[in-house]
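**Student:** Below is the file target_28.tsv, which contains TSV, N, CA and C atoms.
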chain	number	residue	atom	x	y	z
A	1	PRO	N	24.35	-41.66	-15.68
A	1	PRO	CA	23.58	-40.97	-16.71
A	1	PRO	C	24.49	-40.14	-17.61
A	2	LEU	N	24.08	-39.97	-18.83
A	2	LEU	CA	24.88	-39.27	-19.82
A	2	LEU	C	25.27	-37.85	-19.41
A	3	PRO	N	24.35	-37.02	-18.87
A	3	PRO	CA	24.78	-35.66	-18.50
A	3	PRO	C	25.91	-35.64	-17.48
A	4	LEU	N	25.87	-36.53	-16.50
A	4	LEU	CA	26.95	-36.58	-15.52
A	4	LEU	C	28.26	-37.02	-16.15
A	5	ARG	N	28.19	-37.98	-17.04
A	5	ARG	CA	29.42	-38.45	-17.72
A	5	ARG	C	30.02	-37.33	-18.58
A	6	PHE	N	29.16	-36.51	-19.20
A	6	PHE	CA	29.64	-35.39	-19.99
A	6	PHE	C	30.39	-34.40	-19.11
A	7	ILE	N	29.81	-34.07	-17.97
A	7	ILE	CA	30.46	-33.12	-17.05
A	7	ILE	C	31.75	-33.73	-16.51
A	8	GLU	N	31.73	-35.01	-16.16
A	8	GLU	CA	32.94	-35.66	-15.66
A	8	GLU	C	34.04	-35.64	-16.71
A	9	ALA	N	33.67	-35.81	-17.97
A	9	ALA	CA	34.66	-35.81	-19.04
A	9	ALA	C	35.26	-34.41	-19.24
A	10	ARG	N	34.44	-33.39	-19.06
A	10	ARG	CA	34.92	-32.01	-19.25
A	10	ARG	C	35.86	-31.60	-18.12
A	11	VAL	N	35.45	-31.86	-16.90
A	11	VAL	CA	36.25	-31.47	-15.74
A	11	VAL	C	36.19	-32.59	-14.71
A	12	PRO	N	37.18	-33.45	-14.66
A	12	PRO	CA	37.16	-34.51	-13.65
A	12	PRO	C	37.04	-33.91	-12.25
A	13	GLU	N	36.30	-34.59	-11.39
A	13	GLU	CA	36.04	-34.07	-10.04
A	13	GLU	C	37.33	-33.79	-9.28
A	14	SER	N	38.36	-34.57	-9.52
A	14	SER	CA	39.61	-34.35	-8.81
A	14	SER	C	40.33	-33.07	-9.25
A	15	LYS	N	39.99	-32.54	-10.42
A	15	LYS	CA	40.67	-31.36	-10.94
A	15	LYS	C	39.79	-30.12	-10.94
A	16	GLY	N	38.60	-30.20	-10.42
A	16	GLY	CA	37.75	-29.02	-10.44
A	16	GLY	C	36.50	-29.24	-9.62
A	17	THR	N	35.65	-28.26	-9.64
A	17	THR	CA	34.45	-28.32	-8.81
A	17	THR	C	33.17	-28.33	-9.65
A	18	MET	N	33.29	-28.47	-10.96
A	18	MET	CA	32.11	-28.40	-11.81
A	18	MET	C	31.08	-29.48	-11.46
A	19	LEU	N	31.52	-30.70	-11.28
A	19	LEU	CA	30.59	-31.78	-10.95
A	19	LEU	C	29.97	-31.55	-9.57
A	20	LYS	N	30.78	-31.08	-8.62
A	20	LYS	CA	30.25	-30.77	-7.29
A	20	LYS	C	29.19	-29.68	-7.39
A	21	ARG	N	29.45	-28.68	-8.19
A	21	ARG	CA	28.49	-27.58	-8.35
A	21	ARG	C	27.22	-28.05	-9.05
A	22	TYR	N	27.38	-28.91	-10.04
A	22	TYR	CA	26.20	-29.47	-10.73
A	22	TYR	C	25.33	-30.22	-9.73
A	23	ARG	N	25.95	-31.05	-8.92
A	23	ARG	CA	25.19	-31.80	-7.92
A	23	ARG	C	24.54	-30.86	-6.90
A	24	GLN	N	25.25	-29.82	-6.51
A	24	GLN	CA	24.70	-28.85	-5.56
A	24	GLN	C	23.50	-28.12	-6.16
A	25	LEU	N	23.61	-27.70	-7.41
A	25	LEU	CA	22.51	-27.01	-8.08
A	25	LEU	C	21.30	-27.93	-8.22
A	26	THR	N	21.53	-29.17	-8.59
A	26	THR	CA	20.45	-30.14	-8.72
A	26	THR	C	19.77	-30.36	-7.36
A	27	ARG	N	20.56	-30.48	-6.32
A	27	ARG	CA	20.02	-30.68	-4.97
A	27	ARG	C	19.19	-29.45	-4.55
A	28	MET	N	19.67	-28.24	-4.84
A	28	MET	CA	18.92	-27.04	-4.47
A	28	MET	C	17.58	-26.99	-5.21
A	29	GLY	N	17.58	-27.30	-6.50
A	29	GLY	CA	16.34	-27.30	-7.26
A	29	GLY	C	15.35	-28.32	-6.73
A	30	TYR	N	15.85	-29.50	-6.42
A	30	TYR	CA	15.00	-30.56	-5.88
A	30	TYR	C	14.44	-30.16	-4.51
A	31	GLU	N	15.28	-29.62	-3.65
A	31	GLU	CA	14.84	-29.24	-2.30
A	31	GLU	C	13.82	-28.10	-2.34
A	32	LEU	N	13.98	-27.16	-3.27
A	32	LEU	CA	12.99	-26.09	-3.42
A	32	LEU	C	11.64	-26.67	-3.80
A	33	GLN	N	11.62	-27.59	-4.76
A	33	GLN	CA	10.37	-28.21	-5.17
A	33	GLN	C	9.78	-29.05	-4.05
A	34	LYS	N	10.61	-29.82	-3.38
A	34	LYS	CA	10.14	-30.66	-2.29
A	34	LYS	C	9.50	-29.81	-1.20
A	35	SER	N	10.13	-28.71	-0.86
A	35	SER	CA	9.59	-27.81	0.17
A	35	SER	C	8.25	-27.24	-0.27
A	36	ALA	N	8.17	-26.79	-1.50
A	36	ALA	CA	6.92	-26.21	-2.00
A	36	ALA	C	5.79	-27.24	-2.00
A	37	LEU	N	6.11	-28.48	-2.35
A	37	LEU	CA	5.08	-29.51	-2.45
A	37	LEU	C	4.72	-30.14	-1.10
A	38	THR	N	5.53	-29.91	-0.07
A	38	THR	CA	5.21	-30.51	1.22
A	38	THR	C	4.77	-29.47	2.25
A	39	VAL	N	5.41	-28.32	2.27
A	39	VAL	CA	5.13	-27.31	3.28
A	39	VAL	C	4.22	-26.21	2.73
A	40	GLY	N	4.34	-25.93	1.45
A	40	GLY	CA	3.67	-24.77	0.88
A	40	GLY	C	2.23	-24.94	0.46
A	41	ILE	N	1.62	-26.08	0.74
A	41	ILE	CA	0.26	-26.33	0.24
A	41	ILE	C	-0.75	-26.37	1.37
A	42	GLN	N	-1.81	-25.60	1.19
A	42	GLN	CA	-3.00	-25.70	2.04
A	42	GLN	C	-4.13	-26.11	1.10
A	43	PRO	N	-4.48	-27.41	1.11
A	43	PRO	CA	-5.51	-27.89	0.19
A	43	PRO	C	-6.79	-27.06	0.26
A	44	GLY	N	-7.33	-26.77	-0.92
A	44	GLY	CA	-8.55	-25.97	-1.01
A	44	GLY	C	-8.28	-24.48	-1.06
A	45	GLN	N	-7.02	-24.06	-0.83
A	45	GLN	CA	-6.68	-22.64	-0.85
A	45	GLN	C	-5.51	-22.32	-1.79
A	46	THR	N	-4.48	-23.15	-1.75
A	46	THR	CA	-3.28	-22.88	-2.54
A	46	THR	C	-3.53	-23.13	-4.02
A	47	THR	N	-3.06	-22.19	-4.85
A	47	THR	CA	-3.18	-22.35	-6.30
A	47	THR	C	-1.83	-22.76	-6.88
A	48	THR	N	-1.86	-23.21	-8.12
A	48	THR	CA	-0.61	-23.56	-8.78
A	48	THR	C	0.28	-22.33	-8.89
A	49	GLU	N	-0.30	-21.17	-9.12
A	49	GLU	CA	0.49	-19.94	-9.22
A	49	GLU	C	1.14	-19.58	-7.89
A	50	ASP	N	0.47	-19.86	-6.77
A	50	ASP	CA	1.07	-19.63	-5.45
A	50	ASP	C	2.38	-20.41	-5.33
A	51	LEU	N	2.35	-21.68	-5.73
A	51	LEU	CA	3.56	-22.51	-5.64
A	51	LEU	C	4.63	-22.04	-6.61
A	52	ASN	N	4.21	-21.72	-7.85
A	52	ASN	CA	5.18	-21.24	-8.84
A	52	ASN	C	5.89	-19.99	-8.32
A	53	PHE	N	5.13	-19.04	-7.79
A	53	PHE	CA	5.69	-17.79	-7.29
A	53	PHE	C	6.63	-18.05	-6.11
A	54	ALA	N	6.23	-18.92	-5.20
A	54	ALA	CA	7.06	-19.22	-4.02
A	54	ALA	C	8.39	-19.83	-4.44
A	55	MET	N	8.37	-20.79	-5.37
A	55	MET	CA	9.61	-21.42	-5.80
A	55	MET	C	10.52	-20.44	-6.52
A	56	LEU	N	9.94	-19.65	-7.42
A	56	LEU	CA	10.73	-18.69	-8.17
A	56	LEU	C	11.35	-17.64	-7.24
A	57	THR	N	10.57	-17.16	-6.28
A	57	THR	CA	11.07	-16.16	-5.33
A	57	THR	C	12.21	-16.73	-4.51
A	58	GLN	N	12.05	-17.93	-3.98
A	58	GLN	CA	13.12	-18.54	-3.19
A	58	GLN	C	14.38	-18.73	-4.02
A	59	ALA	N	14.23	-19.22	-5.23
A	59	ALA	CA	15.40	-19.48	-6.07
A	59	ALA	C	16.14	-18.20	-6.42
A	60	GLU	N	15.40	-17.19	-6.87
A	60	GLU	CA	16.05	-15.97	-7.35
A	60	GLU	C	16.46	-15.02	-6.24
A	61	ARG	N	15.56	-14.79	-5.31
A	61	ARG	CA	15.82	-13.79	-4.27
A	61	ARG	C	16.75	-14.29	-3.18
A	62	TYR	N	16.57	-15.54	-2.77
A	62	TYR	CA	17.32	-16.03	-1.61
A	62	TYR	C	18.51	-16.89	-1.95
A	63	LEU	N	18.52	-17.51	-3.11
A	63	LEU	CA	19.63	-18.39	-3.48
A	63	LEU	C	20.48	-17.86	-4.63
A	64	GLY	N	20.04	-16.77	-5.25
A	64	GLY	CA	20.81	-16.19	-6.34
A	64	GLY	C	20.81	-17.00	-7.62
A	65	LEU	N	19.81	-17.85	-7.80
A	65	LEU	CA	19.71	-18.66	-9.01
A	65	LEU	C	18.81	-17.95	-10.02
A	66	ARG	N	18.89	-18.36	-11.27
A	66	ARG	CA	18.00	-17.82	-12.29
A	66	ARG	C	17.22	-18.97	-12.91
A	67	SER	N	16.02	-18.64	-13.35
A	67	SER	CA	15.16	-19.65	-13.95
A	67	SER	C	15.38	-19.70	-15.45
A	68	THR	N	15.53	-20.91	-15.99
A	68	THR	CA	15.61	-21.07	-17.44
A	68	THR	C	14.23	-21.32	-18.03
A	69	SER	N	13.34	-21.81	-17.18
A	69	SER	CA	11.94	-21.97	-17.54
A	69	SER	C	11.13	-21.78	-16.27
A	70	SER	N	10.05	-21.07	-16.39
A	70	SER	CA	9.24	-20.80	-15.21
A	70	SER	C	8.77	-22.09	-14.58
A	71	PRO	N	8.67	-22.10	-13.23
A	71	PRO	CA	8.14	-23.30	-12.60
A	71	PRO	C	6.74	-23.59	-13.14
A	72	ALA	N	6.46	-24.83	-13.37
A	72	ALA	CA	5.15	-25.22	-13.88
A	72	ALA	C	4.60	-26.33	-13.00
A	73	ILE	N	3.50	-26.05	-12.33
A	73	ILE	CA	2.82	-27.05	-11.51
A	73	ILE	C	1.61	-27.54	-12.29
A	74	SER	N	1.53	-28.82	-12.53
A	74	SER	CA	0.37	-29.43	-13.18
A	74	SER	C	-0.36	-30.27	-12.15
A	75	ILE	N	-1.68	-30.23	-12.20
A	75	ILE	CA	-2.51	-31.00	-11.28
A	75	ILE	C	-3.18	-32.12	-12.07
A	76	PHE	N	-3.06	-33.34	-11.55
A	76	PHE	CA	-3.77	-34.48	-12.12
A	76	PHE	C	-4.76	-34.93	-11.05
A	77	ARG	N	-6.04	-34.94	-11.43
A	77	ARG	CA	-7.12	-35.18	-10.47
A	77	ARG	C	-7.96	-36.35	-10.92
A	78	ARG	N	-8.32	-37.20	-9.98
A	78	ARG	CA	-9.17	-38.36	-10.26
A	78	ARG	C	-10.47	-37.88	-10.92
A	79	GLY	N	-10.88	-38.55	-11.99
A	79	GLY	CA	-12.12	-38.22	-12.68
A	79	GLY	C	-11.99	-37.11	-13.71
A	80	VAL	N	-10.78	-36.55	-13.86
A	80	VAL	CA	-10.55	-35.48	-14.84
A	80	VAL	C	-9.56	-35.99	-15.87
A	81	THR	N	-9.92	-35.88	-17.15
A	81	THR	CA	-9.03	-36.30	-18.22
A	81	THR	C	-7.97	-35.22	-18.43
A	82	GLY	N	-6.73	-35.62	-18.47
A	82	GLY	CA	-5.65	-34.65	-18.64
A	82	GLY	C	-5.34	-33.95	-17.33
A	83	SER	N	-4.69	-32.80	-17.45
A	83	SER	CA	-4.30	-32.09	-16.24
A	83	SER	C	-5.19	-30.86	-16.04
A	84	VAL	N	-5.31	-30.48	-14.79
A	84	VAL	CA	-5.98	-29.24	-14.43
A	84	VAL	C	-4.88	-28.19	-14.41
A	85	SER	N	-5.06	-27.12	-15.16
A	85	SER	CA	-3.97	-26.14	-15.24
A	85	SER	C	-4.51	-24.73	-15.18
A	86	GLY	N	-3.60	-23.80	-15.27
A	86	GLY	CA	-3.94	-22.40	-15.20
A	86	GLY	C	-3.53	-21.82	-13.86
A	87	PRO	N	-3.25	-20.53	-13.82
A	87	PRO	CA	-2.73	-19.91	-12.60
A	87	PRO	C	-3.69	-19.94	-11.41
A	88	HIS	N	-4.97	-20.09	-11.67
A	88	HIS	CA	-5.95	-20.06	-10.59
A	88	HIS	C	-6.47	-21.45	-10.21
A	89	ALA	N	-5.81	-22.50	-10.71
A	89	ALA	CA	-6.22	-23.87	-10.37
A	89	ALA	C	-5.91	-24.12	-8.90
A	90	VAL	N	-6.92	-24.48	-8.14
A	90	VAL	CA	-6.78	-24.70	-6.70
A	90	VAL	C	-6.45	-26.17	-6.43
A	91	ILE	N	-5.44	-26.39	-5.63
A	91	ILE	CA	-4.99	-27.73	-5.28
A	91	ILE	C	-5.92	-28.31	-4.22
A	92	GLN	N	-6.35	-29.56	-4.46
A	92	GLN	CA	-7.30	-30.23	-3.57
A	92	GLN	C	-6.69	-31.51	-3.00
A	93	PRO	N	-7.22	-31.99	-1.86
A	93	PRO	CA	-6.77	-33.30	-1.36
A	93	PRO	C	-6.98	-34.38	-2.43
A	94	GLY	N	-6.03	-35.28	-2.55
A	94	GLY	CA	-6.12	-36.35	-3.54
A	94	GLY	C	-5.50	-36.01	-4.88
A	95	ASP	N	-5.04	-34.78	-5.07
A	95	ASP	CA	-4.40	-34.38	-6.33
A	95	ASP	C	-2.98	-34.96	-6.42
A	96	LEU	N	-2.60	-35.32	-7.63
A	96	LEU	CA	-1.23	-35.67	-7.94
A	96	LEU	C	-0.63	-34.44	-8.61
A	97	LEU	N	0.50	-33.97	-8.12
A	97	LEU	CA	1.11	-32.76	-8.65
A	97	LEU	C	2.42	-33.10	-9.37
A	98	ARG	N	2.66	-32.39	-10.47
A	98	ARG	CA	3.94	-32.49	-11.15
A	98	ARG	C	4.55	-31.10	-11.21
A	99	SER	N	5.74	-30.98	-10.70
A	99	SER	CA	6.47	-29.71	-10.72
A	99	SER	C	7.65	-29.87	-11.67
A	100	ASP	N	7.77	-28.95	-12.61
A	100	ASP	CA	8.84	-29.02	-13.61
A	100	ASP	C	9.38	-27.62	-13.83
A	101	TRP	N	10.71	-27.48	-13.74
A	101	TRP	CA	11.31	-26.18	-14.03
A	101	TRP	C	12.79	-26.34	-14.30
A	102	GLY	N	13.36	-25.29	-14.83
A	102	GLY	CA	14.79	-25.26	-15.11
A	102	GLY	C	15.44	-24.13	-14.34
A	103	LEU	N	16.66	-24.37	-13.89
A	103	LEU	CA	17.43	-23.37	-13.15
A	103	LEU	C	18.83	-23.27	-13.72
A	104	LYS	N	19.43	-22.11	-13.56
A	104	LYS	CA	20.85	-21.97	-13.87
A	104	LYS	C	21.52	-21.26	-12.71
A	105	GLY	N	22.75	-21.65	-12.48
A	105	GLY	CA	23.47	-21.09	-11.34
A	105	GLY	C	24.95	-21.04	-11.59
A	106	PHE	N	25.65	-20.53	-10.59
A	106	PHE	CA	27.10	-20.39	-10.66
A	106	PHE	C	27.51	-19.57	-11.87
A	107	GLY	N	26.94	-18.37	-11.95
A	107	GLY	CA	27.26	-17.48	-13.07
A	107	GLY	C	26.70	-17.96	-14.38
A	108	ASP	N	25.59	-18.65	-14.34
A	108	ASP	CA	24.94	-19.20	-15.52
A	108	ASP	C	25.77	-20.29	-16.20
A	109	ALA	N	26.76	-20.82	-15.50
A	109	ALA	CA	27.62	-21.85	-16.09
A	109	ALA	C	26.93	-23.20	-16.18
A	110	LEU	N	26.00	-23.45	-15.27
A	110	LEU	CA	25.33	-24.75	-15.25
A	110	LEU	C	23.82	-24.56	-15.32
A	111	TRP	N	23.19	-25.41	-16.10
A	111	TRP	CA	21.73	-25.40	-16.24
A	111	TRP	C	21.22	-26.77	-15.86
A	112	ILE	N	20.07	-26.79	-15.17
A	112	ILE	CA	19.45	-28.07	-14.81
A	112	ILE	C	17.96	-28.01	-15.11
A	113	ASP	N	17.35	-29.16	-15.18
A	113	ASP	CA	15.91	-29.27	-15.29
A	113	ASP	C	15.49	-30.33	-14.27
A	114	VAL	N	14.55	-29.97	-13.41
A	114	VAL	CA	14.14	-30.88	-12.35
A	114	VAL	C	12.63	-31.09	-12.42
A	115	THR	N	12.21	-32.35	-12.40
A	115	THR	CA	10.80	-32.70	-12.38
A	115	THR	C	10.54	-33.55	-11.14
A	116	VAL	N	9.51	-33.18	-10.38
A	116	VAL	CA	9.18	-33.86	-9.14
A	116	VAL	C	7.68	-34.13	-9.12
A	117	LEU	N	7.28	-35.28	-8.60
A	117	LEU	CA	5.88	-35.61	-8.40
A	117	LEU	C	5.55	-35.55	-6.91
A	118	GLY	N	4.33	-35.14	-6.60
A	118	GLY	CA	3.89	-35.11	-5.22
A	118	GLY	C	2.41	-35.46	-5.14
A	119	TYR	N	2.02	-36.01	-4.02
A	119	TYR	CA	0.62	-36.36	-3.79
A	119	TYR	C	0.10	-35.55	-2.62
A	120	VAL	N	-1.11	-34.99	-2.75
A	120	VAL	CA	-1.71	-34.19	-1.69
A	120	VAL	C	-2.63	-35.08	-0.87
A	121	GLY	N	-2.18	-35.43	0.32
A	121	GLY	CA	-2.97	-36.30	1.20
A	121	GLY	C	-2.10	-36.92	2.26
A	122	HIS	N	-2.73	-37.60	3.19
A	122	HIS	CA	-2.00	-38.21	4.29
A	122	HIS	C	-1.31	-39.50	3.88
A	123	SER	N	-1.90	-40.24	2.98
A	123	SER	CA	-1.27	-41.48	2.51
A	123	SER	C	-1.53	-41.61	1.02
A	124	VAL	N	-0.51	-42.17	0.34
A	124	VAL	CA	-0.59	-42.33	-1.10
A	124	VAL	C	-1.43	-43.55	-1.43
A	125	PRO	N	-2.42	-43.40	-2.34
A	125	PRO	CA	-3.23	-44.55	-2.73
A	125	PRO	C	-2.37	-45.66	-3.33
A	126	HIS	N	-2.83	-46.89	-3.16
A	126	HIS	CA	-2.09	-48.06	-3.62
A	126	HIS	C	-1.70	-47.95	-5.11
A	127	GLU	N	-2.62	-47.48	-5.96
A	127	GLU	CA	-2.33	-47.43	-7.39
A	127	GLU	C	-1.25	-46.40	-7.75
A	128	LEU	N	-0.91	-45.48	-6.84
A	128	LEU	CA	0.15	-44.50	-7.09
A	128	LEU	C	1.45	-44.89	-6.43
A	129	ALA	N	1.41	-45.80	-5.50
A	129	ALA	CA	2.62	-46.15	-4.72
A	129	ALA	C	3.58	-46.97	-5.55
Could you express the structure from this file as structure tokens?
**Tutor:**
Amino acid sequence: PLPLRFIEARVPESKGTMLKRYRQLTRMGYELQKSALTVGIQPGQTTTEDLNFAMLTQAERYLGLRSTSSPAISIFRRGVTGSVSGPHAVIQPGDLLRSDWGLKGFGDALWIDVTVLGYVGHSVPHELA
């Protein structure tokens, strides 16, 4: 991908740690979202704001990262046109979730944007698989 080639051109991996740090920051952002979307949800109780707050708190307080854009959880629900949004939107079984946010780390030297999809349920419906 172009962003990786740009970083590789600026600082080859053999001569520095920039690419390693970029990959580490990307992995941390992804893992934070994955954790929030798998462990942090109690269907019928958890709101989008609950997940946003949990991800932001973990990133800033425990990992020393800063947000370039607030975490945004969007809910896509069967029978609803568009997304269900707002801080008080309650996540339900069968919802498709999209998590999107930006982080910066390593002294604000690197910025990333990570988007992850998740499904709330025991098995993913055929049309989403």
**Student:** Tell me which of A:Trp111, A:Val116, A:Gln92, A:Pro125 sits closest to Gln45 of chain A, counting all atoms listed in the file.
**Tutor:**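 Distance minimum relative to Gln45 of chain A lands on A:Gln92.
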**Student:** Calculate, to one decimal in Å, the centre and edge lengths of the box along x, y and z of the file that holds all listed atoms of segment 47-64 of chain A with 8 Å of margin on each side, and present them as JSON.
**Tutor:**
{"center_x": 8.8, "center_y": -18.7, "center_z": -5.4, "size_x": 40.0, "size_y": 25.8, "size_z": 23.6}
**Student:** Could you give me, as an MDAnalysis selection string, the residues within 12 Å of Ser123 of chain A, counting only C-alpha atoms and dropping anything in the same chain fewer than 4 positions from it?
**Tutor:** chainID A and resid 93:96 118:119 127:129
**Student:** Residues within 8 Å of Glu49 of chain A, please, as a PDB file with N, CA and C atoms, keeping the file's coordinate frame. Count only N, CA and C atoms; anything in the same chain fewer than 3 positions from it doesn't count.
**Tutor:**
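Produced file result27.pdb, reproduced below:
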ATOM      1  N   THR A  46      -4.480 -23.150  -1.750  1.00  0.00           N
ATOM      2  CA  THR A  46      -3.280 -22.880  -2.540  1.00  0.00           C
ATOM      3  C   THR A  46      -3.530 -23.130  -4.020  1.00  0.00           C
ATOM      4  N   ASN A  52       4.210 -21.720  -7.850  1.00  0.00           N
ATOM      5  CA  ASN A  52       5.180 -21.240  -8.840  1.00  0.00           C
ATOM      6  C   ASN A  52       5.890 -19.990  -8.320  1.00  0.00           C
ATOM      7  N   PHE A  53       5.130 -19.040  -7.790  1.00  0.00           N
ATOM      8  CA  PHE A  53       5.690 -17.790  -7.290  1.00  0.00           C
ATOM      9  C   PHE A  53       6.630 -18.050  -6.110  1.00  0.00           C
ATOM     10  N   ALA A  54       6.230 -18.920  -5.200  1.00  0.00           N
ATOM     11  CA  ALA A  54       7.060 -19.220  -4.020  1.00  0.00           C
ATOM     12  C   ALA A  54       8.390 -19.830  -4.440  1.00  0.00           C
ATOM     13  N   MET A  55       8.370 -20.790  -5.370  1.00  0.00           N
ATOM     14  CA  MET A  55       9.610 -21.420  -5.800  1.00  0.00           C
ATOM     15  C   MET A  55      10.520 -20.440  -6.520  1.00  0.00           C
ATOM     16  N   ILE A  73       3.500 -26.050 -12.330  1.00  0.00           N
ATOM     17  CA  ILE A  73       2.820 -27.050 -11.510  1.00  0.00           C
ATOM     18  C   ILE A  73       1.610 -27.540 -12.290  1.00  0.00           C
ATOM     19  N   GLY A  86      -3.600 -23.800 -15.270  1.00  0.00           N
ATOM     20  CA  GLY A  86      -3.940 -22.400 -15.200  1.00  0.00           C
ATOM     21  C   GLY A  86      -3.530 -21.820 -13.860  1.00  0.00           C
ATOM     22  N   PRO A  87      -3.250 -20.530 -13.820  1.00  0.00           N
ATOM     23  CA  PRO A  87      -2.730 -19.910 -12.600  1.00  0.00           C
ATOM     24  C   PRO A  87      -3.690 -19.940 -11.410  1.00  0.00           C
ATOM     25  N   HIS A  88      -4.970 -20.090 -11.670  1.00  0.00           N
ATOM     26  CA  HIS A  88      -5.950 -20.060 -10.590  1.00  0.00           C
ATOM     27  C   HIS A  88      -6.470 -21.450 -10.210  1.00  0.00           C
ATOM     28  N   ALA A  89      -5.810 -22.500 -10.710  1.00  0.00           N
ATOM     29  CA  ALA A  89      -6.220 -23.870 -10.370  1.00  0.00           C
ATOM     30  C   ALA A  89      -5.910 -24.120  -8.900  1.00  0.00           C
ATOM     31  N   VAL A  90      -6.920 -24.480  -8.140  1.00  0.00           N
ATOM     32  CA  VAL A  90      -6.780 -24.700  -6.700  1.00  0.00           C
ATOM     33  C   VAL A  90      -6.450 -26.170  -6.430  1.00  0.00           C
TER      34      VAL A  90
END
**Student:** With all atoms listed in the file as the counted atoms, please give the residues lying no more than 6 Å from Val84 of chain A, apart from itself and same-chain residues fewer than 6 positions off, as a VMD selection string.
**Tutor:** chain A and resid 74 to 77
**Student:** How many Å separate atom C of Gly64 of chain A from atom C of Ala109 of chain A?
**Tutor:**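 According to the coordinates, atom C of Gly64 of chain A and atom C of Ala109 of chain A are separated by 12.2 Å.
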**Student:** Could you please write out, as a PyMOL selection string, every residue of chain A that DSSP assigns to strand (DSSP E or B)?
**Tutor:** chain A and resi 47+66-76+84+90+96-105+110-119
**Student:** Distance atom N of Arg98 of chain A-atom CA of Leu25 of chain A, one decimal place?
**Tutor:**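 It comes out at 20.7 Å.
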**Student:** State, in Å with one decimal place, the distance from atom N of Phe106 of chain A to atom CA of Ala72 of chain A.
**Tutor:**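 Answer for the atom N of Phe106 of chain A to atom CA of Ala72 of chain A separation: 21.3 Å.
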**Student:** Among the residues of chain A, find those DSSP assigns to helix (DSSP H, G or I) from the backbone and print them as a ChimeraX atom specification.
**Tutor:** /A:2-10,13-15,18-38,48-62,126-128
**Student:** Please identify all polymer residues within 6.5 Å of Ala36 of chain A, counting all atoms listed in the file, omitting same-chain residues fewer than 5 positions from it, and present them as a list of chain:residue names.
**Tutor:**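 Close residues of Ala36 of chain A: A:Glu31, A:Ile41, A:Leu51.
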**Student:** Using all atoms listed in the file, which of A:Thr17, A:Ile91, A:Thr47, A:Gly82 sits nearest Val120 of chain A?
**Tutor:**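 Distance minimum relative to Val120 of chain A lands on A:Ile91.
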**Student:** If we count all atoms listed in the file, what is near Leu56 of chain A at a cut-off of 8 Å, once residues fewer than 4 positions away on the same chain are taken out, given as a list in words?
**Tutor:** Asp50, Leu51, Asn52, Glu60, Arg61, Tyr62, Leu65, Ser67, Ser70 and Pro71 of chain A
**Student:** Could you write those residues out with N, CA and C atoms, as a PDB file, in the frame of the given file?
**Tutor:**
ATOM      1  N   ASP A  50       0.470 -19.860  -6.770  1.00  0.00           N
ATOM      2  CA  ASP A  50       1.070 -19.630  -5.450  1.00  0.00           C
ATOM      3  C   ASP A  50       2.380 -20.410  -5.330  1.00  0.00           C
ATOM      4  N   LEU A  51       2.350 -21.680  -5.730  1.00  0.00           N
ATOM      5  CA  LEU A  51       3.560 -22.510  -5.640  1.00  0.00           C
ATOM      6  C   LEU A  51       4.630 -22.040  -6.610  1.00  0.00           C
ATOM      7  N   ASN A  52       4.210 -21.720  -7.850  1.00  0.00           N
ATOM      8  CA  ASN A  52       5.180 -21.240  -8.840  1.00  0.00           C
ATOM      9  C   ASN A  52       5.890 -19.990  -8.320  1.00  0.00           C
ATOM     10  N   GLU A  60      15.400 -17.190  -6.870  1.00  0.00           N
ATOM     11  CA  GLU A  60      16.050 -15.970  -7.350  1.00  0.00           C
ATOM     12  C   GLU A  60      16.460 -15.020  -6.240  1.00  0.00           C
ATOM     13  N   ARG A  61      15.560 -14.790  -5.310  1.00  0.00           N
ATOM     14  CA  ARG A  61      15.820 -13.790  -4.270  1.00  0.00           C
ATOM     15  C   ARG A  61      16.750 -14.290  -3.180  1.00  0.00           C
ATOM     16  N   TYR A  62      16.570 -15.540  -2.770  1.00  0.00           N
ATOM     17  CA  TYR A  62      17.320 -16.030  -1.610  1.00  0.00           C
ATOM     18  C   TYR A  62      18.510 -16.890  -1.950  1.00  0.00           C
ATOM     19  N   LEU A  65      19.810 -17.850  -7.800  1.00  0.00           N
ATOM     20  CA  LEU A  65      19.710 -18.660  -9.010  1.00  0.00           C
ATOM     21  C   LEU A  65      18.810 -17.950 -10.020  1.00  0.00           C
ATOM     22  N   SER A  67      16.020 -18.640 -13.350  1.00  0.00           N
ATOM     23  CA  SER A  67      15.160 -19.650 -13.950  1.00  0.00           C
ATOM     24  C   SER A  67      15.380 -19.700 -15.450  1.00  0.00           C
ATOM     25  N   SER A  70      10.050 -21.070 -16.390  1.00  0.00           N
ATOM     26  CA  SER A  70       9.240 -20.800 -15.210  1.00  0.00           C
ATOM     27  C   SER A  70       8.770 -22.090 -14.580  1.00  0.00           C
ATOM     28  N   PRO A  71       8.670 -22.100 -13.230  1.00  0.00           N
ATOM     29  CA  PRO A  71       8.140 -23.300 -12.600  1.00  0.00           C
ATOM     30  C   PRO A  71       6.740 -23.590 -13.140  1.00  0.00           C
TER      31      PRO A  71
END
**Student:** Would you please work out which residue, of A:Lys34, A:Arg66, A:Arg27, A:His126, is nearest to Lys104 of chain A when using only C-alpha atoms?
**Tutor:**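 Nearest candidate to Lys104 of chain A out of A:Lys34, A:Arg66, A:Arg27, A:His126: A:Arg66.
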**Student:** Taking into account all atoms listed in the file, which residue in the set A:Thr81, A:Pro43, A:Gly29, A:Val124 is nearest to Gly102 of chain A?
**Tutor:**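 Using all atoms listed in the file, the shortest distance to Gly102 of chain A belongs to A:Gly29.
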**Student:** Closest to Gln33 of chain A among A:Thr48, A:Thr57, A:Ser83, A:Ser99, using only C-alpha atoms?
**Tutor:**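 Closest residue, counting only C-alpha atoms: A:Ser99.
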